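**Q** Got a structure for you, written out below as C-alpha cells; questions coming shortly.
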Amino acid sequence: LLPAPFDPVRAGVAPERSGAVTPPIRRWSLLGAALVCLLTFLPPLSSLAHRYELGQVLRYGLWAMVVPTLVVVGAPWRHAAWAATLAQRRRRYSELWRSVGFVLLYGLVMVWWFTPMSVRATWSHPWLRVIEAVTLIAGGIGLWLELAESPPLAPRVGGLRSVVLGTAAMWLVWIEAYLVAMSQSGWYPNFHHVAGQGLSQAADQQVAAVILWFMATVVFVPVIFMDAMQWLHGEQNPDDELRRLLREQRRGATAIIERRAAERPGDGAVGA
C-alpha cells in the first residue's frame, strides 16, 4: 500500500498561502544570503571593517539583519521532516512569552557584539569573527521566525503583538546607531583616524550611524507595516481560525459524550 499523501493542514503545519513568497524568490533569497555572508569575510568589506567604523557596523548589520531575513524568506527547511515536527510544536506552544524570549535573546546577542570590548576582541583575534557571524545570524533567524512566515514554520503571534516585537527590535538598532553618532571620542576606540587621510572620525561615525538606521528601517518596516495593516483591517489569521474550529469540535464531541453518559442509567437503577 502506498502511504497517504501528506496533508499539512491535518498535520498542524501551515501550507504556503496565496500571498506567500513564491519559490523562485525563495531560491534567490537563499543564494543572496550565502553570497552576502561570503562577501563579509572577503576584501574589500573585510578590509573596510578593519579600518573604519562604518565597515564594522556594515558587516555587523549584514550578519544581524540582512542574512537572517534572507534565510527565513528562503525557507531552506520547507521540505524537511524535522521542520514539520517543529512547526507542530510551535503551534502547540504558542504563548507570547516564548516569542518575547527570542526577541530578548536577539537583543542580548546584538548588544554583546556591538560593545567596544567585543569589537576590540575580534580586532585582535580574527577567528572570533566566525563566532560573531554564527551567533548573530542564529539570533536573527530565531527573531524572524517569530515575525515572518517561513513554511512550514509560522509565527506564534501576529497582528499587534508582532508589530510590537518587530518595533522593539528595530528600536534597539536605532539606539545603537544613536550611540555611534553621538559618541564624542568615537564609539570604537581601536579605530584611529589621521587628519587628511581618509574619512575623519566625525564623518566615519555619521556614516556608520546612517548605515545602521537605514538597514534596520529597510528590514523591519515592511513586516511591521504589513502586520499593522492586518491588525487594523481585522483580518483573521487562517491558521488561528483553523485551530479555533478544531478546539470547538473537540469541545462539542466531549459534551456529547458527557451528555450520553449522563443519560445512561446507572448500575443501581438497572438492578432495581
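Chain lettering (A, B, ...) mirrors the order of the C-alpha cells, residue numbering begins at 1 for each chain separately, and ligand numbering begins at 1 in order of display.
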Compile a residue-level contact table for region 191-220 of chain A against region 224-231 of chain A at a cut-off of 12 Å, reporting for every qualifying residue the shortest atom pair and its distance in Å to one decimal, with only C-alpha atoms counted, rows ordered by chain and ascending number, as a tab-separated table.
**A**
```
residue	atom	partner	partner_atom	distance
A:Ala216	CA	A:Ile224	CA	11.6
A:Thr217	CA	A:Ile224	CA	10.1
A:Val218	CA	A:Ile224	CA	10.7
A:Val219	CA	A:Ile224	CA	9.5
A:Phe220	CA	A:Ile224	CA	6.2
```
**Q** Can you list, as a PyMOL selection string, every residue of region 20-203 of chain A that DSSP puts in strand (DSSP E or B)?
**A** chain A and resi 150+153+194+197
**Q** Let's have the selection written as a PDB file, in the first residue's frame, with C-alpha atoms.
**A**
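selection-v7.pdb, written as the output of this step:
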```
ATOM      1  CA  SER A 150       8.868  30.561   6.650  1.00  0.00           C
ATOM      2  CA  LEU A 153       7.099  27.352  10.162  1.00  0.00           C
ATOM      3  CA  VAL A 194      44.569  60.574  10.777  1.00  0.00           C
ATOM      4  CA  GLN A 197      43.927  60.585   5.304  1.00  0.00           C
TER       5      GLN A 197
END
```
**Q** Report, in Å with one decimal, the straight-line distance from CA of Leu165 (chain A) to CA of Ala208 (chain A).
**A**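 CA of Ala208 (chain A) lies at a distance of 24.7 Å from CA of Leu165 (chain A).
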**Q** If you run DSSP on this backbone, which residues of region 41-248 of chain A come out as helix (DSSP H, G or I), and could you give them as a ChimeraX atom specification?
**A** /A:45-51,53-74,81-92,96-114,116-124,128-144,160-182,201-233,238-248
**Q** Just to be explicit: take each residue in the selection above, keep C-alpha atoms, and write the result as a short mmCIF file (atom, residue, chain, number, x, y, z; two decimals), in the first residue's frame.
**A**
```cif
data_model
loop_
_atom_site.label_atom_id
_atom_site.label_comp_id
_atom_site.auth_asym_id
_atom_site.auth_seq_id
_atom_site.Cartn_x
_atom_site.Cartn_y
_atom_site.Cartn_z
CA LEU A 45 34.45 44.57 3.04
CA SER A 46 36.77 42.78 5.45
CA SER A 47 39.44 45.45 4.91
CA LEU A 48 36.89 48.22 5.30
CA ALA A 49 35.67 46.71 8.58
CA HIS A 50 39.24 46.67 9.85
CA ARG A 51 39.83 50.33 9.01
CA GLU A 53 33.66 52.13 11.96
CA LEU A 54 31.29 52.25 9.02
CA GLY A 55 32.77 49.00 7.70
CA GLN A 56 32.45 47.40 11.12
CA VAL A 57 28.78 48.32 11.56
CA LEU A 58 28.03 47.41 7.94
CA ARG A 59 29.32 43.88 8.46
CA TYR A 60 27.59 43.72 11.84
CA GLY A 61 24.27 44.76 10.28
CA LEU A 62 24.59 42.27 7.44
CA TRP A 63 25.12 39.43 9.91
CA ALA A 64 22.44 40.54 12.35
CA MET A 65 19.67 41.68 9.99
CA VAL A 66 20.13 41.07 6.27
CA VAL A 67 21.40 37.47 6.21
CA PRO A 68 18.82 36.15 8.76
CA THR A 69 15.99 37.84 6.88
CA LEU A 70 17.05 36.31 3.57
CA VAL A 71 17.40 32.86 5.17
CA VAL A 72 13.93 32.99 6.71
CA VAL A 73 12.38 34.23 3.47
CA GLY A 74 14.24 31.48 1.60
CA ALA A 81 10.63 16.35 8.12
CA TRP A 82 12.09 17.89 11.28
CA ALA A 83 10.69 21.27 10.25
CA ALA A 84 7.17 19.84 10.04
CA THR A 85 7.58 18.40 13.54
CA LEU A 86 8.92 21.71 14.83
CA ALA A 87 6.00 23.55 13.22
CA GLN A 88 3.55 21.35 15.12
CA ARG A 89 5.37 22.02 18.38
CA ARG A 90 5.37 25.76 17.76
CA ARG A 91 1.61 25.65 17.20
CA ARG A 92 1.09 23.61 20.33
CA LEU A 96 3.53 35.11 23.84
CA TRP A 97 6.38 34.76 26.34
CA ARG A 98 8.15 32.33 24.02
CA SER A 99 8.24 34.94 21.25
CA VAL A 100 9.37 37.59 23.73
CA GLY A 101 12.17 35.25 24.80
CA PHE A 102 13.52 35.06 21.25
CA VAL A 103 13.38 38.85 20.97
CA LEU A 104 15.31 39.22 24.22
CA LEU A 105 17.87 36.64 23.12
CA TYR A 106 18.33 38.53 19.85
CA GLY A 107 18.78 41.76 21.78
CA LEU A 108 21.41 40.26 24.09
CA VAL A 109 23.43 38.89 21.18
CA MET A 110 23.17 42.20 19.33
CA VAL A 111 24.27 44.25 22.34
CA TRP A 112 27.16 41.92 23.17
CA TRP A 113 28.76 42.09 19.74
CA PHE A 114 28.08 45.82 19.49
CA PRO A 116 33.62 48.18 22.11
CA MET A 117 35.06 45.31 24.15
CA SER A 118 33.75 42.70 21.72
CA VAL A 119 34.90 44.66 18.67
CA ARG A 120 38.35 45.02 20.21
CA ALA A 121 38.45 41.26 20.78
CA THR A 122 37.51 40.45 17.18
CA TRP A 123 40.10 43.02 16.05
CA SER A 124 42.86 41.18 17.94
CA LEU A 128 36.21 35.35 16.75
CA ARG A 129 34.51 36.87 13.70
CA VAL A 130 33.23 33.43 12.75
CA ILE A 131 31.63 33.05 16.18
CA GLU A 132 30.21 36.55 15.89
CA ALA A 133 28.71 35.80 12.49
CA VAL A 134 27.22 32.47 13.60
CA THR A 135 25.63 33.84 16.78
CA LEU A 136 24.26 36.99 15.12
CA ILE A 137 22.78 35.04 12.21
CA ALA A 138 21.31 32.37 14.51
CA GLY A 139 19.80 35.00 16.80
CA GLY A 140 18.38 36.86 13.81
CA ILE A 141 16.80 33.70 12.41
CA GLY A 142 15.20 33.00 15.78
CA LEU A 143 13.73 36.50 15.82
CA TRP A 144 12.48 36.44 12.24
CA LEU A 160 -0.48 43.93 17.07
CA ARG A 161 1.83 41.64 19.06
CA SER A 162 4.05 41.08 16.04
CA VAL A 163 4.11 44.84 15.43
CA VAL A 164 5.31 45.46 18.99
CA LEU A 165 8.02 42.78 18.82
CA GLY A 166 9.31 43.96 15.44
CA THR A 167 9.27 47.59 16.56
CA ALA A 168 11.22 46.75 19.72
CA ALA A 169 13.93 45.00 17.68
CA MET A 170 14.12 47.92 15.25
CA TRP A 171 14.37 50.47 18.06
CA LEU A 172 17.27 48.55 19.54
CA VAL A 173 19.25 49.02 16.33
CA TRP A 174 18.23 52.68 16.15
CA ILE A 175 19.53 53.19 19.69
CA GLU A 176 22.84 51.62 18.68
CA ALA A 177 23.00 53.99 15.70
CA TYR A 178 22.35 56.92 18.02
CA LEU A 179 25.17 55.84 20.35
CA VAL A 180 27.61 55.64 17.44
CA ALA A 181 26.59 59.04 16.07
CA MET A 182 26.67 60.89 19.41
CA GLN A 201 36.28 60.44 12.88
CA ALA A 202 33.10 62.54 12.77
CA ALA A 203 32.32 61.55 9.17
CA ASP A 204 33.04 57.90 9.91
CA GLN A 205 30.66 57.93 12.88
CA GLN A 206 27.89 59.70 10.99
CA VAL A 207 28.06 57.35 8.03
CA ALA A 208 28.12 54.33 10.35
CA ALA A 209 25.01 55.61 12.15
CA VAL A 210 23.18 56.16 8.85
CA ILE A 211 24.06 52.64 7.71
CA LEU A 212 22.62 51.09 10.88
CA TRP A 213 19.49 53.23 10.76
CA PHE A 214 18.91 52.54 7.07
CA MET A 215 19.40 48.77 7.34
CA ALA A 216 17.04 48.46 10.30
CA THR A 217 14.42 50.56 8.53
CA VAL A 218 14.58 48.56 5.29
CA VAL A 219 14.48 45.21 7.08
CA PHE A 220 11.89 45.80 9.81
CA VAL A 221 9.48 48.44 8.47
CA PRO A 222 7.87 46.25 5.75
CA VAL A 223 6.91 43.44 8.14
CA ILE A 224 5.77 45.94 10.79
CA PHE A 225 3.64 47.75 8.20
CA MET A 226 2.03 44.55 6.89
CA ASP A 227 1.24 43.27 10.39
CA ALA A 228 -0.18 46.66 11.34
CA MET A 229 -2.42 46.72 8.27
CA GLN A 230 -3.62 43.22 9.02
CA TRP A 231 -4.45 44.21 12.58
CA LEU A 232 -6.22 47.42 11.55
CA HIS A 233 -8.32 45.62 8.95
CA PRO A 238 -6.45 31.35 8.74
CA ASP A 239 -4.26 29.18 10.95
CA ASP A 240 -5.72 30.68 14.12
CA GLU A 241 -9.21 30.14 12.72
CA LEU A 242 -8.40 26.51 11.95
CA ARG A 243 -7.14 25.94 15.47
CA ARG A 244 -10.25 27.60 16.89
CA LEU A 245 -12.53 25.35 14.85
CA LEU A 246 -10.62 22.25 15.94
CA ARG A 247 -10.94 23.27 19.58
CA GLU A 248 -14.67 23.83 19.17
#
```
**Q** Rounded to one decimal in Å, what is the spacing between CA of Arg156 (chain A) and CA of Ser94 (chain A)?
**A**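 Separation between CA of Arg156 (chain A) and CA of Ser94 (chain A): 5.0 Å.
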**Q** How many Å separate CA of Leu38 (chain A) from CA of His125 (chain A)?
**A** 19.0 Å
